[in-house]
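What follows is a single structure, written as structure tokens, with notes after it.
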Amino acid sequence: MELVAYIRLFRKWFWLLFLGAFLAGGAAFLIRSRQPDLYTAAVTIQVGTSLDAPNPQLGDLNTGAQLAQTYAVLARSRDVLERAIAAREFPFGAGTLGASLTTQIIQGTSLLRLIVTYTDPVLAAEMANEVARQLILNSPSNLTPDQQAQIDLANEEIAQLTAELQQARQELTDLDRQIAQSDDADRIAELREQRNTLADRIVSISGNIAQYSDTVAGLQRRTNSLTVVEEARIPLAPAGNNVFSSTLLGAIVGAALAAGVALLIEYLDDTVRTADEATQMLGLPTLAVIHRFGKSHDTYAQRLITYHDPGSPISEQYRTLRTNLLFSSNGSWSKGAYVITSPGPSEGKSVTAANLAVTMAMAGLRVLLIDADLRRPRVHETFGLSNDVGLSTLLSADPNELSTEISRGALPQNLLACLQETEIPGLRVISSGFVPLNPTEVLGSVAMQHWFETFRSSKNVDIVLFDTPPCLVVADSTVLAAAIKVPVVLVLEAGETRRAAATRAKEQMDHLGIEIKGVVLNSVSTREEGYAYGGGYYYYYYSQDKTSKASRKQ
């Protein structure tokens, strides 16, 4: 999708995006402003003593990580929570503390975090620390009395042996000095013998100290133990988003949801909305884009905008349709006829035919507008004419008499009786007349062909326009176009005509060999077509403003 298409969608659905952002942001503001600020405090606990070992074993590390998961569950047990509440006399029950407490295992480690979120920052820190303390008290972290006695005895022996070791090393130093100062060989030999004995004693004492140290380390090294690594501190700022951030986030989420709804609607919408869509889908030129005008309850006479307001942008768009129909590539125009139809009902074909006829007549052409919709005629209502006689009256005449009158060079009396003048100079109308029993057969009859030859050969007619029924509802328009071999102007209503209907209408006419002159896209929103078409409104009103200012100066 091109950037222009995205801009068009944004302009079209801006109201929905704004509404979604406003409602969601407002709801987030109301909800967040009524909630108290929450504070978060966390205490970190180490499972096992692997961090204290210079060469920790892989098995100890894995066991500590697995035990951390167990302690994460035990920390939220009712027994631990009730002990914590009883120890600090917290002003709430175990349910409130459990709801405020969450646990987190730091991935890849044996570290467990106890996180408390509460409205009081001091209580949050106290709750986290007390739960950690109760969890440690209920774990095998403390030594048994026998283990403690063994450690104490070993520490005493280590202290005593360390003192002996220091004294022996001092004596060894004295012997080395005496050996260095003595000149008597017998004395030196005696001193060397004493030194060797003392060295053996030092080695023995060092070995005993190492054994006692290993005993103490073995008793103190426990995989299933808990130690507080970092206590919880009193939080200084509330956790989570403030009112402004929550409101902004809600607005963004609301706008995103609204955008999703808009895209879904666009995806499910299978109607023709722009001239580019019509051209790409049908492979036909767009003769004109007619913007939406008037009100839904306007009568057909009120929709004759090219007569009531010839200087409006809509009238200019109908003049564009007139130009594209009449003028060929070499810049000249010739006499012709056109069948105006649409795929379905209420898509603006009758209004288009009437306004097109008015613009052609205002250009100095002699136009004959024929209401060939013998089922739901509207042309006589548009121009305020009588419908007592009309096209059905002409088609019910005897073809032989018609041929005779035409051969004499005179206009048939039936035609003169059915031709009605309008308030627009150069525009005459033949209304539908009475409704026949077989409109399709009547429009495809030999009489219709004879009358059309009469219209086309008349010196008082330059252009003949046929307003016909919808081509997918009844076969009248296709039968008429095929019988008199006249090109068709296909009228589509933006946002109403479905793509499948427009495609079927084109395929139907292609199958019958009917030429389609082009497409008229009716009732287009200015937001759909963008600047290329909407700019005409600015140009029109700008020129009107300039004209009015100039007239006031005069």
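Scheme for the structure tokens: letters A, B, ... for chains in order shown; per-chain residue numbers from 1; ligand numbers from 1 in order shown.
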
May I have the residues within 7 Å of stretch 25-34 of chain A as a PDB file with N, CA and C atoms, in the first residue's frame, using only C-alpha atoms and disregarding those fewer than 6 positions away in the same chain?
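result.pdb written:
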```pdb
ATOM      1  N   VAL A 243       0.213   8.629  36.964  1.00  0.00           N
ATOM      2  CA  VAL A 243      -1.081   8.901  36.317  1.00  0.00           C
ATOM      3  C   VAL A 243      -0.885   9.311  34.868  1.00  0.00           C
ATOM      4  N   SER A 246       0.229   6.295  32.747  1.00  0.00           N
ATOM      5  CA  SER A 246      -0.885   5.357  32.553  1.00  0.00           C
ATOM      6  C   SER A 246      -1.899   5.903  31.563  1.00  0.00           C
ATOM      7  N   THR A 247      -2.172   7.206  31.655  1.00  0.00           N
ATOM      8  CA  THR A 247      -3.121   7.818  30.715  1.00  0.00           C
ATOM      9  C   THR A 247      -2.585   7.768  29.292  1.00  0.00           C
ATOM     10  N   LEU A 248      -1.296   8.098  29.136  1.00  0.00           N
ATOM     11  CA  LEU A 248      -0.691   8.067  27.798  1.00  0.00           C
ATOM     12  C   LEU A 248      -0.678   6.652  27.242  1.00  0.00           C
ATOM     13  N   GLY A 250      -2.718   4.220  28.041  1.00  0.00           N
ATOM     14  CA  GLY A 250      -4.095   3.859  27.696  1.00  0.00           C
ATOM     15  C   GLY A 250      -4.535   4.466  26.385  1.00  0.00           C
ATOM     16  N   ALA A 251      -4.140   5.728  26.149  1.00  0.00           N
ATOM     17  CA  ALA A 251      -4.501   6.379  24.889  1.00  0.00           C
ATOM     18  C   ALA A 251      -3.852   5.679  23.699  1.00  0.00           C
TER      19      ALA A 251
END
```

Practice item. Quick one: everything within 7 Å of stretch 412-428 of chain A, counting only C-alpha atoms, minus sequence neighbours fewer than 5 positions away in the same chain. Send it as a ChimeraX atom specification. Key: /A:358,361,364-369,383,389-390,394,402,405-406

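Proximity of A:Gly48, A:Gly254, A:Gly98, A:Gly495 to A:Ala278, computed with only C-alpha atoms, is greatest for A:Gly495.
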
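The set of residues in stretch 31-117 of chain A assigned to strand (DSSP E) by DSSP, using only backbone atoms of this structure, is Tyr39, Thr40, Ala41, Ala42, Val43, Thr44, Ile45, Gln46, Val47, Leu101, Thr102, Thr103, Gln104, Ile105, Leu111, Leu112, Arg113, Leu114, Ile115, Val116 and Thr117 of chain A.
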
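Every protein or nucleic acid residue with an atom no more than 10 Å from A:Thr119, counting only C-alpha atoms and leaving out same-chain residues fewer than 5 positions away, appears here: Gln35, Pro36, Asp37, Leu38, Tyr39, Thr40, Ser100, Ala124, Pro238 and Ala239 of chain A.
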
Just the selected residues (N, CA, C and O atoms), exported as a CSV table (one decimal), in the first residue's frame, please.
```
chain,number,residue,atom,x,y,z
A,35,GLN,N,-6.4,4.7,42.3
A,35,GLN,CA,-5.6,3.7,42.9
A,35,GLN,C,-4.5,4.3,43.7
A,35,GLN,O,-3.9,5.3,43.3
A,36,PRO,N,-4.1,3.8,45.0
A,36,PRO,CA,-3.0,4.3,45.7
A,36,PRO,C,-1.7,3.9,45.1
A,36,PRO,O,-1.6,2.9,44.4
A,37,ASP,N,-0.6,4.7,45.4
A,37,ASP,CA,0.7,4.4,44.9
A,37,ASP,C,1.2,3.1,45.6
A,37,ASP,O,1.0,2.8,46.8
A,38,LEU,N,1.9,2.3,44.8
A,38,LEU,CA,2.4,1.0,45.3
A,38,LEU,C,3.9,1.1,45.3
A,38,LEU,O,4.6,1.7,44.4
A,39,TYR,N,4.5,0.5,46.4
A,39,TYR,CA,6.0,0.5,46.6
A,39,TYR,C,6.4,-1.0,46.6
A,39,TYR,O,5.8,-1.9,47.1
A,40,THR,N,7.6,-1.2,46.0
A,40,THR,CA,8.2,-2.5,45.9
A,40,THR,C,9.5,-2.6,46.6
A,40,THR,O,10.4,-1.8,46.5
A,100,SER,N,0.5,-9.8,48.3
A,100,SER,CA,1.5,-8.8,48.1
A,100,SER,C,2.9,-9.4,47.7
A,100,SER,O,3.8,-8.6,47.3
A,124,ALA,N,6.5,-2.5,53.4
A,124,ALA,CA,6.9,-3.4,52.3
A,124,ALA,C,8.3,-4.0,52.5
A,124,ALA,O,8.5,-5.2,52.3
A,238,PRO,N,7.4,5.3,44.2
A,238,PRO,CA,6.4,4.3,43.9
A,238,PRO,C,6.8,3.5,42.6
A,238,PRO,O,7.5,4.0,41.7
A,239,ALA,N,6.4,2.3,42.6
A,239,ALA,CA,6.6,1.4,41.4
A,239,ALA,C,5.5,1.6,40.4
A,239,ALA,O,4.4,2.0,40.7
```

Study note, to complete from the structure: As a check of understanding: the span from atom CA of A:Ala87 to atom CA of A:Gln134 is 8.8 Å

Practice item. Give the helix (DSSP H, G or I) residues of stretch 85-283 of chain A, as DSSP finds them on the backbone, and put them as a PyMOL selection string. Key: chain A and resi 85-88+94-100+121-137+145-181+185-220+243-268+275-282

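Here atom CA of A:Gln69 and atom CA of A:Asn129 stand 18.9 Å from one another.
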
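Closest approach to A:Leu135 among A:Trp451, A:Trp15, A:Tyr71, A:Phe466 is made by A:Tyr71 (distances from only C-alpha atoms).
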
Review point. Within 10 Å of A:Gly518, counting only C-alpha atoms, which residues qualify if same-chain residues fewer than 6 places away don't, as a VMD selection string?
Key: chain A and resid 279 282 to 288 321 324 to 325 487 to 491

Output all heavy atoms for every residue in the selection just made, as a CSV table (one decimal), in the first residue's frame.
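selection13.csv, freshly written:
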```
chain,number,residue,atom,x,y,z
A,279,THR,N,-10.7,1.9,-11.7
A,279,THR,CA,-9.9,1.7,-12.9
A,279,THR,C,-9.1,0.4,-12.9
A,279,THR,O,-9.0,-0.3,-13.9
A,279,THR,CB,-8.9,2.9,-13.1
A,279,THR,OG1,-9.7,4.1,-13.1
A,279,THR,CG2,-8.1,2.8,-14.3
A,282,LEU,N,-11.7,-2.7,-13.2
A,282,LEU,CA,-12.4,-2.9,-14.4
A,282,LEU,C,-11.6,-2.7,-15.6
A,282,LEU,O,-12.0,-3.1,-16.7
A,282,LEU,CB,-13.6,-2.0,-14.4
A,282,LEU,CG,-14.6,-2.1,-13.2
A,282,LEU,CD1,-15.7,-1.1,-13.3
A,282,LEU,CD2,-15.2,-3.5,-13.2
A,283,GLY,N,-10.5,-2.1,-15.5
A,283,GLY,CA,-9.7,-1.8,-16.7
A,283,GLY,C,-10.4,-0.8,-17.6
A,283,GLY,O,-10.2,-0.8,-18.8
A,284,LEU,N,-11.2,0.1,-17.0
A,284,LEU,CA,-11.9,1.1,-17.8
A,284,LEU,C,-11.5,2.5,-17.3
A,284,LEU,O,-11.1,2.7,-16.1
A,284,LEU,CB,-13.4,1.0,-17.6
A,284,LEU,CG,-14.0,-0.3,-18.1
A,284,LEU,CD1,-15.5,-0.4,-17.7
A,284,LEU,CD2,-13.9,-0.4,-19.6
A,285,PRO,N,-11.5,3.5,-18.2
A,285,PRO,CA,-11.2,4.9,-17.7
A,285,PRO,C,-12.3,5.4,-16.8
A,285,PRO,O,-13.5,5.1,-17.0
A,285,PRO,CB,-11.1,5.7,-19.0
A,285,PRO,CG,-12.0,4.9,-20.0
A,285,PRO,CD,-11.9,3.5,-19.6
A,286,THR,N,-11.9,6.3,-15.9
A,286,THR,CA,-12.9,7.0,-15.0
A,286,THR,C,-13.2,8.3,-15.7
A,286,THR,O,-12.3,9.2,-15.8
A,286,THR,CB,-12.3,7.2,-13.6
A,286,THR,OG1,-12.0,5.9,-13.0
A,286,THR,CG2,-13.3,7.9,-12.7
A,287,LEU,N,-14.4,8.4,-16.2
A,287,LEU,CA,-14.8,9.6,-16.9
A,287,LEU,C,-15.0,10.8,-15.9
A,287,LEU,O,-14.7,11.9,-16.3
A,287,LEU,CB,-16.1,9.4,-17.6
A,287,LEU,CG,-16.1,8.2,-18.7
A,287,LEU,CD1,-17.5,8.0,-19.2
A,287,LEU,CD2,-15.1,8.6,-19.8
A,288,ALA,N,-15.4,10.6,-14.7
A,288,ALA,CA,-15.6,11.7,-13.8
A,288,ALA,C,-15.8,11.1,-12.4
A,288,ALA,O,-16.2,9.9,-12.2
A,288,ALA,CB,-16.8,12.5,-14.1
A,321,LEU,N,-17.3,15.3,-16.9
A,321,LEU,CA,-17.9,14.1,-17.5
A,321,LEU,C,-18.3,14.4,-18.9
A,321,LEU,O,-18.1,13.6,-19.9
A,321,LEU,CB,-19.1,13.6,-16.7
A,321,LEU,CG,-19.9,12.5,-17.2
A,321,LEU,CD1,-19.1,11.3,-17.5
A,321,LEU,CD2,-21.1,12.2,-16.3
A,324,ASN,N,-15.1,14.6,-21.2
A,324,ASN,CA,-14.5,13.3,-21.4
A,324,ASN,C,-15.4,12.4,-22.4
A,324,ASN,O,-14.8,11.6,-23.1
A,324,ASN,CB,-14.3,12.6,-20.1
A,324,ASN,CG,-13.2,13.2,-19.3
A,324,ASN,OD1,-12.3,13.8,-19.8
A,324,ASN,ND2,-13.3,13.0,-18.0
A,325,LEU,N,-16.7,12.6,-22.3
A,325,LEU,CA,-17.5,11.9,-23.2
A,325,LEU,C,-17.5,12.4,-24.7
A,325,LEU,O,-17.4,11.6,-25.6
A,325,LEU,CB,-19.0,11.9,-22.7
A,325,LEU,CG,-19.4,10.9,-21.7
A,325,LEU,CD1,-20.8,11.1,-21.3
A,325,LEU,CD2,-19.2,9.4,-22.2
A,487,PRO,N,-22.8,3.0,-27.0
A,487,PRO,CA,-21.9,2.7,-25.9
A,487,PRO,C,-22.6,3.0,-24.6
A,487,PRO,O,-23.5,3.8,-24.5
A,487,PRO,CB,-20.7,3.7,-26.1
A,487,PRO,CG,-21.2,4.7,-27.0
A,487,PRO,CD,-22.3,4.1,-27.9
A,488,VAL,N,-22.0,2.4,-23.5
A,488,VAL,CA,-22.6,2.5,-22.2
A,488,VAL,C,-21.7,3.3,-21.3
A,488,VAL,O,-20.5,3.2,-21.3
A,488,VAL,CB,-22.9,1.1,-21.6
A,488,VAL,CG1,-23.3,1.2,-20.1
A,488,VAL,CG2,-23.9,0.4,-22.4
A,489,VAL,N,-22.3,4.1,-20.4
A,489,VAL,CA,-21.6,4.8,-19.3
A,489,VAL,C,-22.1,4.1,-18.0
A,489,VAL,O,-23.3,4.1,-17.7
A,489,VAL,CB,-22.0,6.3,-19.3
A,489,VAL,CG1,-21.3,7.0,-18.1
A,489,VAL,CG2,-21.5,7.0,-20.6
A,490,LEU,N,-21.1,3.5,-17.3
A,490,LEU,CA,-21.4,2.7,-16.1
A,490,LEU,C,-21.3,3.6,-14.9
A,490,LEU,O,-20.2,4.1,-14.6
A,490,LEU,CB,-20.5,1.5,-16.1
A,490,LEU,CG,-20.8,0.5,-15.0
A,490,LEU,CD1,-22.2,-0.1,-15.2
A,490,LEU,CD2,-19.8,-0.6,-15.0
A,491,VAL,N,-22.3,3.8,-14.2
A,491,VAL,CA,-22.3,4.6,-13.0
A,491,VAL,C,-22.2,3.7,-11.7
A,491,VAL,O,-23.0,2.8,-11.5
A,491,VAL,CB,-23.6,5.5,-12.9
A,491,VAL,CG1,-23.6,6.3,-11.6
A,491,VAL,CG2,-23.8,6.4,-14.1
```

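Between atom CA of A:Leu395 and atom CA of A:Val442 there is a distance of 6.8 Å.
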
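Distance annotation: of A:Ile106, A:Ile430, A:Val80, A:Met360, the residue with the minimal separation from A:Ser392 is A:Ile430; atom set is only C-alpha atoms.
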